[in-house]
>>> print(open('final-v2.cif').read())   # mmCIF, C-alpha atoms
data_query
#
loop_
_atom_site.label_atom_id
_atom_site.label_comp_id
_atom_site.auth_asym_id
_atom_site.auth_seq_id
_atom_site.Cartn_x
_atom_site.Cartn_y
_atom_site.Cartn_z
CA MET A 1 107.73 -26.64 5.19
CA ALA A 2 105.24 -28.60 7.24
CA GLU A 3 105.64 -26.17 10.06
CA ASP A 4 104.95 -23.31 7.72
CA ILE A 5 101.79 -24.97 6.54
CA CYS A 6 100.70 -25.65 10.03
CA PHE A 7 101.49 -22.13 10.91
CA PHE A 8 99.41 -20.97 8.03
CA ALA A 9 96.69 -23.21 9.20
CA LYS A 10 97.04 -21.89 12.70
CA ASP A 11 97.02 -18.38 11.36
CA SER A 12 93.88 -19.22 9.46
CA ILE A 13 92.28 -20.51 12.60
CA ILE A 14 93.44 -17.51 14.56
CA ILE A 15 91.94 -15.04 12.08
CA LYS A 16 88.18 -14.91 13.10
CA PRO A 17 85.36 -12.47 12.54
CA PRO A 18 84.86 -9.93 15.28
CA LYS A 19 82.66 -10.99 18.18
CA LYS A 20 80.03 -8.38 17.26
CA SER A 21 79.39 -9.81 13.76
CA PRO A 22 76.53 -12.20 14.78
CA ALA A 23 74.56 -9.28 16.28
CA LEU A 24 74.97 -7.27 13.11
CA LEU A 25 73.84 -10.21 11.04
CA ARG A 26 70.78 -10.60 13.21
CA MET A 27 69.94 -6.94 12.70
CA VAL A 28 70.25 -7.34 8.95
CA VAL A 29 67.97 -10.39 9.03
CA VAL A 30 65.40 -8.59 11.19
CA ALA A 31 65.45 -5.53 8.93
CA PHE A 32 65.01 -7.68 5.85
CA THR A 33 62.17 -9.59 7.50
CA LEU A 34 60.47 -6.32 8.48
CA ILE A 35 60.80 -4.84 5.00
CA PHE A 36 59.57 -8.05 3.42
CA GLY A 37 56.60 -8.19 5.83
CA ILE A 38 55.64 -4.63 5.00
CA TYR A 39 55.82 -5.43 1.31
CA ILE A 40 53.61 -8.51 1.72
CA CYS A 41 51.08 -6.55 3.80
CA SER A 42 50.89 -3.81 1.18
CA ILE A 43 50.15 -6.39 -1.52
CA CYS A 44 47.41 -7.97 0.62
CA LEU A 45 45.83 -4.59 1.28
CA LYS A 46 45.79 -3.81 -2.42
CA GLN A 47 44.15 -7.14 -3.18
CA THR A 48 41.51 -6.58 -0.48
CA SER A 49 40.81 -3.13 -1.85
CA LEU A 50 40.40 -4.54 -5.34
CA GLU A 51 38.02 -7.24 -4.06
CA ASN A 52 35.88 -4.67 -2.23
CA THR A 53 35.82 -2.40 -5.26
CA SER A 54 34.77 -5.31 -7.42
CA LYS A 55 32.04 -6.20 -4.92
CA TYR A 56 30.68 -2.65 -4.87
CA LEU A 57 30.77 -2.50 -8.64
CA ASN A 58 28.72 -5.67 -8.83
CA ILE A 59 26.12 -4.25 -6.42
CA GLU A 60 25.95 -1.05 -8.41
CA VAL A 61 25.18 -2.98 -11.57
CA MET A 62 22.45 -4.97 -9.79
CA GLU A 63 20.81 -1.76 -8.51
CA LYS A 64 20.99 -0.03 -11.87
CA PRO A 65 17.72 1.89 -12.38
CA CYS A 66 15.27 0.91 -15.11
CA HIS A 67 14.91 3.20 -18.10
CA ASN A 68 12.85 3.27 -21.25
CA TYR A 69 14.91 5.41 -23.58
CA ASP A 70 12.19 5.37 -26.26
CA MET A 71 9.72 7.15 -23.97
CA ASP A 72 8.61 10.71 -24.61
CA GLN A 73 10.29 13.03 -22.11
CA SER A 74 6.93 14.46 -21.04
CA GLU A 75 5.83 11.00 -19.87
CA ILE A 76 8.80 10.33 -17.58
CA PRO A 77 7.30 12.02 -14.44
CA TYR A 78 4.32 9.64 -14.63
CA VAL A 79 6.29 6.40 -14.98
CA HIS A 80 7.51 4.63 -11.86
CA TYR A 81 9.40 1.49 -10.85
CA PRO A 82 8.19 0.63 -7.32
CA LYS A 83 10.31 -1.42 -4.92
CA PRO A 84 7.78 -2.92 -2.49
CA LYS A 85 8.82 -3.75 1.07
CA THR A 86 6.48 -6.73 1.33
CA PHE A 87 7.42 -8.73 -1.77
CA SER A 88 9.73 -8.81 -4.77
CA ARG A 89 8.48 -7.86 -8.22
CA ALA A 90 11.12 -10.24 -9.60
CA GLU A 91 11.08 -10.32 -13.40
CA CYS A 92 8.55 -7.45 -13.41
CA SER A 93 10.84 -5.07 -11.51
CA CYS A 94 11.49 -3.03 -14.66
CA ASN A 95 7.87 -3.01 -15.79
CA PRO A 96 6.78 0.64 -15.50
CA VAL A 97 3.82 1.47 -13.27
CA ARG A 98 1.51 4.47 -13.60
CA ARG A 99 -0.33 5.91 -10.61
CA PHE A 100 -3.93 7.09 -10.70
CA ALA A 101 -6.81 8.14 -8.46
CA ILE A 102 -10.53 8.15 -9.30
CA LEU A 103 -12.11 11.22 -7.67
CA SER A 104 -15.87 10.97 -7.38
CA MET A 105 -18.99 11.16 -5.19
CA GLN A 106 -20.94 8.27 -3.70
CA ARG A 107 -23.51 6.68 -6.02
CA SER A 108 -21.99 8.19 -9.17
CA GLY A 109 -21.07 4.91 -10.85
CA SER A 110 -17.55 4.76 -9.42
CA GLY A 111 -17.96 1.17 -8.17
CA TRP A 112 -19.08 0.00 -11.60
CA PHE A 113 -16.35 1.99 -13.31
CA GLU A 114 -13.70 0.52 -11.03
CA THR A 115 -14.78 -3.05 -11.78
CA LEU A 116 -14.43 -2.23 -15.48
CA LEU A 117 -10.87 -1.02 -14.90
CA ASN A 118 -10.00 -4.05 -12.77
CA SER A 119 -11.09 -6.37 -15.57
CA HIS A 120 -7.93 -5.18 -17.34
CA MET A 121 -5.11 -7.62 -16.65
CA ASN A 122 -2.64 -4.82 -15.89
CA VAL A 123 -4.74 -2.65 -13.55
CA SER A 124 -4.98 -2.73 -9.76
CA SER A 125 -7.63 -0.33 -8.45
CA ASN A 126 -7.94 -0.89 -4.72
CA GLY A 127 -11.40 0.41 -3.90
CA GLU A 128 -12.56 3.15 -1.55
CA ILE A 129 -9.54 3.03 0.75
CA PHE A 130 -10.28 6.31 2.54
CA SER A 131 -13.67 5.11 3.73
CA VAL A 132 -11.62 3.90 6.72
CA LYS A 133 -11.42 6.96 8.98
CA TYR A 134 -7.97 6.51 10.55
CA ARG A 135 -6.39 6.66 7.08
CA ARG A 136 -7.72 10.20 6.63
CA GLU A 137 -7.33 11.56 10.17
CA ASN A 138 -4.89 14.22 8.97
CA ALA A 139 -2.65 15.09 6.04
CA SER A 140 0.18 12.90 7.34
CA SER A 141 -1.97 9.77 7.59
CA ILE A 142 -3.34 10.44 4.10
CA LEU A 143 0.12 10.80 2.53
CA ARG A 144 1.38 7.76 4.40
CA THR A 145 -1.51 5.69 3.00
CA LEU A 146 -0.83 7.01 -0.51
CA ASP A 147 2.82 5.95 -0.23
CA THR A 148 1.75 2.43 0.76
CA VAL A 149 -0.67 2.13 -2.15
CA TYR A 150 1.68 3.49 -4.80
CA ASN A 151 4.59 1.38 -3.54
CA LEU A 152 2.39 -1.70 -4.16
CA ASP A 153 2.36 -2.58 -0.45
CA PHE A 154 -1.44 -2.19 -0.11
CA PHE A 155 -3.26 -5.49 -0.65
CA THR A 156 -6.88 -6.00 -1.70
CA SER A 157 -8.72 -8.57 -3.79
CA ALA A 158 -8.06 -6.32 -6.80
CA SER A 159 -4.27 -6.30 -6.38
CA LYS A 160 -2.22 -7.62 -9.29
CA ASN A 161 0.90 -6.13 -7.83
CA HIS A 162 3.78 -8.05 -9.38
CA CYS A 163 3.18 -7.00 -12.97
CA SER A 164 0.69 -4.15 -12.60
CA ALA A 165 1.02 -1.40 -15.18
CA ALA A 166 -1.34 0.97 -13.36
CA VAL A 167 -2.19 1.15 -9.66
CA GLY A 168 -4.75 3.36 -7.94
CA PHE A 169 -8.03 3.56 -6.02
CA LYS A 170 -11.25 5.57 -5.81
CA TRP A 171 -11.59 8.55 -3.50
CA MET A 172 -14.84 10.25 -2.53
CA LEU A 173 -14.82 14.05 -2.23
CA ASN A 174 -16.12 13.90 1.35
CA GLN A 175 -13.30 11.65 2.58
CA GLY A 176 -10.69 14.28 3.44
CA LEU A 177 -9.99 15.08 -0.20
CA ILE A 178 -11.29 18.66 -0.17
CA GLU A 179 -10.21 19.36 3.41
CA HIS A 180 -6.56 18.51 2.66
CA HIS A 181 -6.54 19.37 -1.04
CA LYS A 182 -3.36 21.50 -0.91
CA GLU A 183 -1.20 18.69 0.46
CA ILE A 184 -2.81 16.13 -1.84
CA VAL A 185 -2.39 18.24 -5.00
CA GLU A 186 1.27 18.83 -4.12
CA TYR A 187 1.73 15.07 -3.58
CA PHE A 188 -0.03 14.16 -6.85
CA ASN A 189 2.12 16.57 -8.84
CA ARG A 190 5.34 15.55 -7.11
CA LYS A 191 4.66 11.82 -7.38
CA GLY A 192 3.20 11.85 -10.90
CA VAL A 193 -0.34 10.73 -10.04
CA SER A 194 -2.95 11.00 -12.81
CA VAL A 195 -6.48 11.97 -11.77
CA ILE A 196 -9.72 10.61 -13.25
CA PHE A 197 -12.78 12.68 -12.30
CA LEU A 198 -16.00 10.67 -12.48
CA PHE A 199 -19.27 12.54 -11.96
CA ARG A 200 -22.93 12.01 -12.64
CA LYS A 201 -24.81 14.51 -14.77
CA ASN A 202 -28.25 13.66 -13.42
CA LEU A 203 -27.90 14.66 -9.77
CA LEU A 204 -31.52 13.79 -9.02
CA ARG A 205 -30.90 10.15 -9.96
CA ARG A 206 -27.80 10.23 -7.80
CA MET A 207 -29.93 11.45 -4.91
CA VAL A 208 -32.42 8.60 -5.41
CA SER A 209 -29.54 6.11 -5.38
CA VAL A 210 -28.07 7.63 -2.20
CA LEU A 211 -31.43 7.51 -0.37
CA SER A 212 -32.13 3.96 -1.50
CA ASN A 213 -28.69 2.74 -0.46
CA SER A 214 -29.00 4.49 2.90
CA HIS A 215 -32.38 2.81 3.49
CA ASP A 216 -30.98 -0.64 2.69
CA ARG A 217 -28.19 -0.27 5.27
CA TYR A 218 -30.89 -0.78 7.89
CA ALA A 219 -33.61 -2.64 5.96
CA LYS A 220 -31.20 -5.21 4.44
CA LEU A 221 -33.68 -6.24 1.79
CA LEU A 222 -31.54 -9.02 0.28
CA ASN A 223 -32.00 -11.86 2.76
CA GLY A 224 -30.88 -9.73 5.67
CA THR A 225 -27.73 -8.54 3.88
CA HIS A 226 -26.90 -5.00 2.78
CA LYS A 227 -25.44 -4.70 -0.70
CA SER A 228 -24.39 -1.45 -2.31
CA HIS A 229 -23.89 -3.21 -5.66
CA VAL A 230 -25.55 -6.30 -7.09
CA HIS A 231 -24.72 -8.89 -9.74
CA SER A 232 -28.14 -10.14 -10.79
CA HIS A 233 -31.32 -8.60 -12.20
CA GLU A 234 -33.30 -10.35 -9.48
CA GLU A 235 -31.35 -8.60 -6.73
CA ALA A 236 -31.58 -5.29 -8.60
CA GLY A 237 -35.34 -5.70 -8.89
CA THR A 238 -35.69 -6.35 -5.15
CA LEU A 239 -33.77 -3.20 -4.21
CA ALA A 240 -35.60 -1.10 -6.84
CA LYS A 241 -38.97 -1.83 -5.19
CA TYR A 242 -38.17 0.68 -2.48
CA LYS A 243 -39.33 4.21 -3.39
CA SER A 244 -37.41 7.13 -1.93
CA GLU A 245 -39.16 10.13 -0.43
CA ILE A 246 -37.29 13.36 -1.23
CA ASN A 247 -37.34 16.47 0.95
CA THR A 248 -38.58 19.00 -1.58
CA THR A 249 -37.91 21.93 0.76
CA LEU A 250 -34.16 21.29 0.56
CA LEU A 251 -34.14 19.70 -2.91
CA ILE A 252 -32.81 22.66 -4.93
CA THR A 253 -30.32 23.56 -2.19
CA ASP A 254 -29.02 19.97 -2.12
CA LEU A 255 -28.66 19.84 -5.91
CA LYS A 256 -26.72 23.13 -5.88
CA ARG A 257 -24.47 21.79 -3.12
CA MET A 258 -23.60 18.76 -5.26
CA GLU A 259 -22.77 21.00 -8.20
CA VAL A 260 -20.56 23.21 -6.04
CA SER A 261 -18.68 20.18 -4.66
CA ALA A 262 -17.87 18.94 -8.16
CA THR A 263 -16.85 22.40 -9.41
CA GLU A 264 -14.75 23.00 -6.31
CA SER A 265 -12.83 19.76 -6.74
CA LEU A 266 -12.12 20.56 -10.40
CA ASP A 267 -10.73 23.95 -9.39
CA TYR A 268 -8.54 22.53 -6.64
CA PHE A 269 -7.07 19.74 -8.79
CA ASN A 270 -6.82 21.68 -12.04
CA SER A 271 -3.01 21.69 -11.91
CA THR A 272 -2.82 17.88 -11.93
CA ARG A 273 -2.75 15.69 -15.00
CA HIS A 274 -6.43 14.76 -15.22
CA MET A 275 -9.40 13.78 -17.33
CA ILE A 276 -13.14 14.26 -16.70
CA LEU A 277 -15.71 11.51 -17.22
CA TYR A 278 -19.46 11.33 -16.74
CA TYR A 279 -21.28 8.15 -15.81
CA GLU A 280 -24.02 8.72 -18.37
CA ASP A 281 -21.51 9.10 -21.22
CA ILE A 282 -19.87 5.76 -20.41
CA VAL A 283 -23.24 3.99 -20.18
CA ARG A 284 -24.29 5.30 -23.58
CA ASN A 285 -20.92 4.81 -25.24
CA GLN A 286 -18.40 2.41 -23.73
CA ALA A 287 -15.89 3.50 -26.34
CA LYS A 288 -15.17 6.20 -23.75
CA LEU A 289 -13.25 3.52 -21.89
CA VAL A 290 -10.70 3.52 -24.69
CA ASP A 291 -9.96 7.14 -23.79
CA VAL A 292 -9.32 6.04 -20.20
CA LEU A 293 -6.89 3.31 -21.27
CA GLU A 294 -5.06 5.78 -23.51
CA PHE A 295 -4.92 8.27 -20.63
CA LEU A 296 -3.27 5.61 -18.44
CA ARG A 297 -1.08 4.47 -21.38
CA LEU A 298 -2.42 0.93 -21.10
CA PRO A 299 -2.83 -1.58 -23.93
CA ASN A 300 -6.36 -1.57 -25.29
CA MET A 301 -8.59 -4.51 -24.38
CA ASP A 302 -12.28 -5.20 -23.79
CA LEU A 303 -13.43 -4.27 -20.27
CA SER A 304 -16.38 -5.85 -18.52
CA SER A 305 -18.29 -5.76 -15.23
CA ARG A 306 -20.68 -8.15 -13.51
CA GLN A 307 -22.51 -5.32 -11.78
CA VAL A 308 -26.17 -4.75 -12.66
CA LYS A 309 -27.85 -1.33 -12.61
CA ILE A 310 -30.50 -1.04 -9.87
CA HIS A 311 -32.71 1.91 -10.84
CA ASN A 312 -33.80 1.61 -14.46
CA GLY A 313 -36.56 3.38 -16.34
CA PRO A 314 -38.25 6.73 -15.62
CA LEU A 315 -37.66 8.39 -12.27
CA TRP A 316 -41.33 8.55 -11.29
CA LYS A 317 -41.14 4.79 -10.70
CA HIS A 318 -38.53 5.29 -7.97
CA ILE A 319 -39.71 8.44 -6.12
CA LYS A 320 -42.58 8.17 -3.65
CA ASN A 321 -43.54 11.87 -3.72
CA TRP A 322 -43.01 12.29 -7.46
CA ASP A 323 -45.67 14.97 -7.92
CA ASP A 324 -44.05 17.24 -5.32
CA VAL A 325 -40.58 16.73 -6.83
CA ASN A 326 -41.89 17.39 -10.32
CA LYS A 327 -43.58 20.61 -9.19
CA THR A 328 -40.47 21.79 -7.31
CA LEU A 329 -38.08 21.37 -10.23
CA SER A 330 -40.32 22.37 -13.11
CA GLY A 331 -39.24 25.71 -14.59
CA THR A 332 -35.81 25.57 -12.88
CA ALA A 333 -32.35 24.79 -14.22
CA TYR A 334 -32.82 21.26 -12.82
CA GLU A 335 -35.99 20.44 -14.73
CA LYS A 336 -33.93 18.39 -17.20
CA PHE A 337 -33.21 15.86 -14.44
CA LEU A 338 -36.88 14.86 -14.38
CA ARG A 339 -36.81 13.42 -17.90
CA ALA A 340 -33.30 11.98 -18.34
CA ASP A 341 -33.00 8.18 -18.43
CA TYR A 342 -29.70 8.07 -16.54
#
>>> encode(input="final-v2.cif", output="structure tokens")
Amino acid sequence: MAEDICFFAKDSIIIKPPKKSPALLRMVVVAFTLIFGIYICSICLKQTSLENTSKYLNIEVMEKPCHNYDMDQSEIPYVHYPKPKTFSRAECSCNPVRRFAILSMQRSGSGWFETLLNSHMNVSSNGEIFSVKYRRENASSILRTLDTVYNLDFFTSASKNHCSAAVGFKWMLNQGLIEHHKEIVEYFNRKGVSVIFLFRKNLLRRMVSVLSNSHDRYAKLLNGTHKSHVHSHEEAGTLAKYKSEINTTLLITDLKRMEVSATESLDYFNSTRHMILYYEDIVRNQAKLVDVLEFLRLPNMDLSSRQVKIHNGPLWKHIKNWDDVNKTLSGTAYEKFLRADY
């Protein structure tokens, strides 16, 4: 019996797996490891994809454009949300901004009018920016400057960029405006720029102001300093002492040329959203400024300026050869300019 058991034990010892079994086992282990690795990698890739998707979704929410759903559809082209390159508008990033340009002629009250606008807490009117020649060298330089201004990247003492509700500047007709009117009109209409025309009815008074200002560029009557605008009655009185001498031979021709320039600009920019103002009307009735604020969709508030008018009273006090001027214009369509106060 013992021998049988031993034999059984021997038989048990003799019966072994084939020599190739370890290799097969290793193959099974390797295959399992490979499959498991692929599975793990696929899970990781899915997680990475989900993380990236989540990240992009977050960015998309941050860059979500600003909208005012209560706004009249006709107003949408004139409402903008600038993203300046030079600073962040921060909490004002969704405050809408309207773009405007004051089109005028020198010595037509545009400086005074602009200071009135800039007294509004939400307005940035940046002055006569195209008086600098390189900005108006050609259409491309003009449009490039406009982009800078309307993107709030143009800085002057009048800039209130962060929370401005209206941004613009004043532009004289002889500063590339008429020469490149086609490109500028197309830009204004495409970019939603509102135009404010500001003219002077009494062109003879404008001429006196131009001649006086031109004289002071060289005479510098205020302590050796030239000033186009003044802030005291004393300074105004000093400048008003100079009497202009007008070339009566060219007087009617010059007055007609001024009229043509104004009419021409109105024709060229007729397709833009615009309003027309006259200096004399604002002087007589500053309620006209309410119309301007409504035009720019700005909250109504009192506007003020420190500027003081230089040439007051009848024109004969400011023209050296008054008798000749009076004789030249009497009986013409321009006779009315001789008597008007403004």
>>> atom_distance(input="final-v2.cif", atom1="CA of Asn326 in chain A", atom2="CA of Arg206 in chain A")
16.0 Å
>>> atom_distance(input="final-v2.cif", atom1="CA of Asn189 in chain A", atom2="CA of Ile276 in chain A")
17.3 Å
>>> residues_near_point(input="final-v2.cif", point="(-18.3, -5.5, -14.3)", cutoff="6 Å", atoms="all atoms listed in the file", output="mmCIF file with C-alpha atoms, in the coordinates of the input")
data_model
loop_
_atom_site.group_PDB
_atom_site.id
_atom_site.type_symbol
_atom_site.label_atom_id
_atom_site.label_comp_id
_atom_site.auth_asym_id
_atom_site.auth_seq_id
_atom_site.Cartn_x
_atom_site.Cartn_y
_atom_site.Cartn_z
ATOM 1 C CA THR A 115 -14.780 -3.050 -11.780
ATOM 2 C CA LEU A 116 -14.430 -2.230 -15.480
ATOM 3 C CA SER A 304 -16.380 -5.850 -18.520
ATOM 4 C CA SER A 305 -18.290 -5.760 -15.230
ATOM 5 C CA ARG A 306 -20.680 -8.150 -13.510
ATOM 6 C CA GLN A 307 -22.510 -5.320 -11.780
#
>>> closest_residue(input="final-v2.cif", among="A:Ala333, A:Asp153, A:Ala219, A:Leu211", to="Ser88 in chain A", atoms="only C-alpha atoms")
A:Asp153
>>> closest_residue(input="final-v2.cif", among="A:Glu75, A:Glu183, A:Glu128, A:Glu235", to="Ser104 in chain A", atoms="all atoms listed in the file")
A:Glu128
>>> resolve_selection(input="final-v2.cif", expression="the PyMOL selection byres ((chain A and resi 108) around 9)", output="PyMOL selection string")
chain A and resi 104-107+109-111+198-201+203+206+209+278-279
>>> resolve_selection(input="final-v2.cif", expression="the PyMOL selection byres ((chain A and resi 244-257) around 10)", output="MDAnalysis selection string")
chainID A and resid 202:204 206:213 215 240:243 258:263 317:322 324:329 332:334
>>> resolve_selection(input="final-v2.cif", expression="the PyMOL selection byres ((chain A and resi 169) around 6)", output="ChimeraX atom specification")
/A:101,125-127,168,170
>>> residues_around(input="final-v2.cif", residues="Tyr342 in chain A", least_positions_apart="3", cutoff="8 Å", atoms="only C-alpha atoms", output="PyMOL selection string")
chain A and resi 202+205+280+312
>>> build_atoms(input="final-v2.cif", residues="range 98-114 of chain A", atoms="N, CA, C and O atoms", output="PDB file, in the frame of the given file")
ATOM      1  N   ARG A  98       2.105   3.132 -13.646  1.00  0.00           N
ATOM      2  CA  ARG A  98       1.510   4.470 -13.600  1.00  0.00           C
ATOM      3  C   ARG A  98       0.540   4.540 -12.424  1.00  0.00           C
ATOM      4  O   ARG A  98      -0.154   3.570 -12.117  1.00  0.00           O
ATOM      5  N   ARG A  99       0.510   5.713 -11.797  1.00  0.00           N
ATOM      6  CA  ARG A  99      -0.330   5.910 -10.610  1.00  0.00           C
ATOM      7  C   ARG A  99      -1.559   6.731 -10.975  1.00  0.00           C
ATOM      8  O   ARG A  99      -1.456   7.697 -11.719  1.00  0.00           O
ATOM      9  N   PHE A 100      -2.704   6.341 -10.424  1.00  0.00           N
ATOM     10  CA  PHE A 100      -3.930   7.090 -10.700  1.00  0.00           C
ATOM     11  C   PHE A 100      -4.828   7.125  -9.473  1.00  0.00           C
ATOM     12  O   PHE A 100      -4.672   6.336  -8.534  1.00  0.00           O
ATOM     13  N   ALA A 101      -5.776   8.059  -9.490  1.00  0.00           N
ATOM     14  CA  ALA A 101      -6.810   8.140  -8.460  1.00  0.00           C
ATOM     15  C   ALA A 101      -8.111   8.537  -9.134  1.00  0.00           C
ATOM     16  O   ALA A 101      -8.134   9.436  -9.974  1.00  0.00           O
ATOM     17  N   ILE A 102      -9.196   7.835  -8.780  1.00  0.00           N
ATOM     18  CA  ILE A 102     -10.530   8.150  -9.300  1.00  0.00           C
ATOM     19  C   ILE A 102     -11.214   9.036  -8.264  1.00  0.00           C
ATOM     20  O   ILE A 102     -11.506   8.583  -7.148  1.00  0.00           O
ATOM     21  N   LEU A 103     -11.461  10.289  -8.595  1.00  0.00           N
ATOM     22  CA  LEU A 103     -12.110  11.220  -7.670  1.00  0.00           C
ATOM     23  C   LEU A 103     -13.587  11.313  -8.043  1.00  0.00           C
ATOM     24  O   LEU A 103     -13.934  11.627  -9.189  1.00  0.00           O
ATOM     25  N   SER A 104     -14.455  11.058  -7.068  1.00  0.00           N
ATOM     26  CA  SER A 104     -15.870  10.970  -7.380  1.00  0.00           C
ATOM     27  C   SER A 104     -16.715  11.265  -6.142  1.00  0.00           C
ATOM     28  O   SER A 104     -16.196  11.660  -5.095  1.00  0.00           O
ATOM     29  N   MET A 105     -18.031  11.068  -6.293  1.00  0.00           N
ATOM     30  CA  MET A 105     -18.990  11.160  -5.190  1.00  0.00           C
ATOM     31  C   MET A 105     -19.742   9.852  -5.086  1.00  0.00           C
ATOM     32  O   MET A 105     -19.900   9.149  -6.098  1.00  0.00           O
ATOM     33  N   GLN A 106     -20.200   9.510  -3.890  1.00  0.00           N
ATOM     34  CA  GLN A 106     -20.940   8.270  -3.700  1.00  0.00           C
ATOM     35  C   GLN A 106     -22.123   8.195  -4.661  1.00  0.00           C
ATOM     36  O   GLN A 106     -22.765   9.190  -4.959  1.00  0.00           O
ATOM     37  N   ARG A 107     -22.384   6.982  -5.132  1.00  0.00           N
ATOM     38  CA  ARG A 107     -23.510   6.680  -6.020  1.00  0.00           C
ATOM     39  C   ARG A 107     -23.433   7.446  -7.341  1.00  0.00           C
ATOM     40  O   ARG A 107     -24.419   7.934  -7.870  1.00  0.00           O
ATOM     41  N   SER A 108     -22.206   7.527  -7.869  1.00  0.00           N
ATOM     42  CA  SER A 108     -21.990   8.190  -9.170  1.00  0.00           C
ATOM     43  C   SER A 108     -21.470   7.210 -10.206  1.00  0.00           C
ATOM     44  O   SER A 108     -20.972   7.607 -11.255  1.00  0.00           O
ATOM     45  N   GLY A 109     -21.534   5.923  -9.903  1.00  0.00           N
ATOM     46  CA  GLY A 109     -21.070   4.910 -10.850  1.00  0.00           C
ATOM     47  C   GLY A 109     -19.605   4.535 -10.673  1.00  0.00           C
ATOM     48  O   GLY A 109     -19.059   3.788 -11.486  1.00  0.00           O
ATOM     49  N   SER A 110     -18.978   5.019  -9.592  1.00  0.00           N
ATOM     50  CA  SER A 110     -17.550   4.760  -9.420  1.00  0.00           C
ATOM     51  C   SER A 110     -17.256   3.283  -9.144  1.00  0.00           C
ATOM     52  O   SER A 110     -16.220   2.760  -9.572  1.00  0.00           O
ATOM     53  N   GLY A 111     -18.165   2.599  -8.421  1.00  0.00           N
ATOM     54  CA  GLY A 111     -17.960   1.170  -8.170  1.00  0.00           C
ATOM     55  C   GLY A 111     -17.996   0.366  -9.455  1.00  0.00           C
ATOM     56  O   GLY A 111     -17.157  -0.510  -9.692  1.00  0.00           O
ATOM     57  N   TRP A 112     -18.971   0.666 -10.299  1.00  0.00           N
ATOM     58  CA  TRP A 112     -19.080   0.000 -11.600  1.00  0.00           C
ATOM     59  C   TRP A 112     -17.875   0.311 -12.476  1.00  0.00           C
ATOM     60  O   TRP A 112     -17.292  -0.580 -13.100  1.00  0.00           O
ATOM     61  N   PHE A 113     -17.491   1.570 -12.508  1.00  0.00           N
ATOM     62  CA  PHE A 113     -16.350   1.990 -13.310  1.00  0.00           C
ATOM     63  C   PHE A 113     -15.073   1.293 -12.858  1.00  0.00           C
ATOM     64  O   PHE A 113     -14.261   0.858 -13.678  1.00  0.00           O
ATOM     65  N   GLU A 114     -14.917   1.158 -11.548  1.00  0.00           N
ATOM     66  CA  GLU A 114     -13.700   0.520 -11.030  1.00  0.00           C
ATOM     67  C   GLU A 114     -13.647  -0.961 -11.388  1.00  0.00           C
ATOM     68  O   GLU A 114     -12.570  -1.493 -11.687  1.00  0.00           O
TER      69      GLU A 114
END
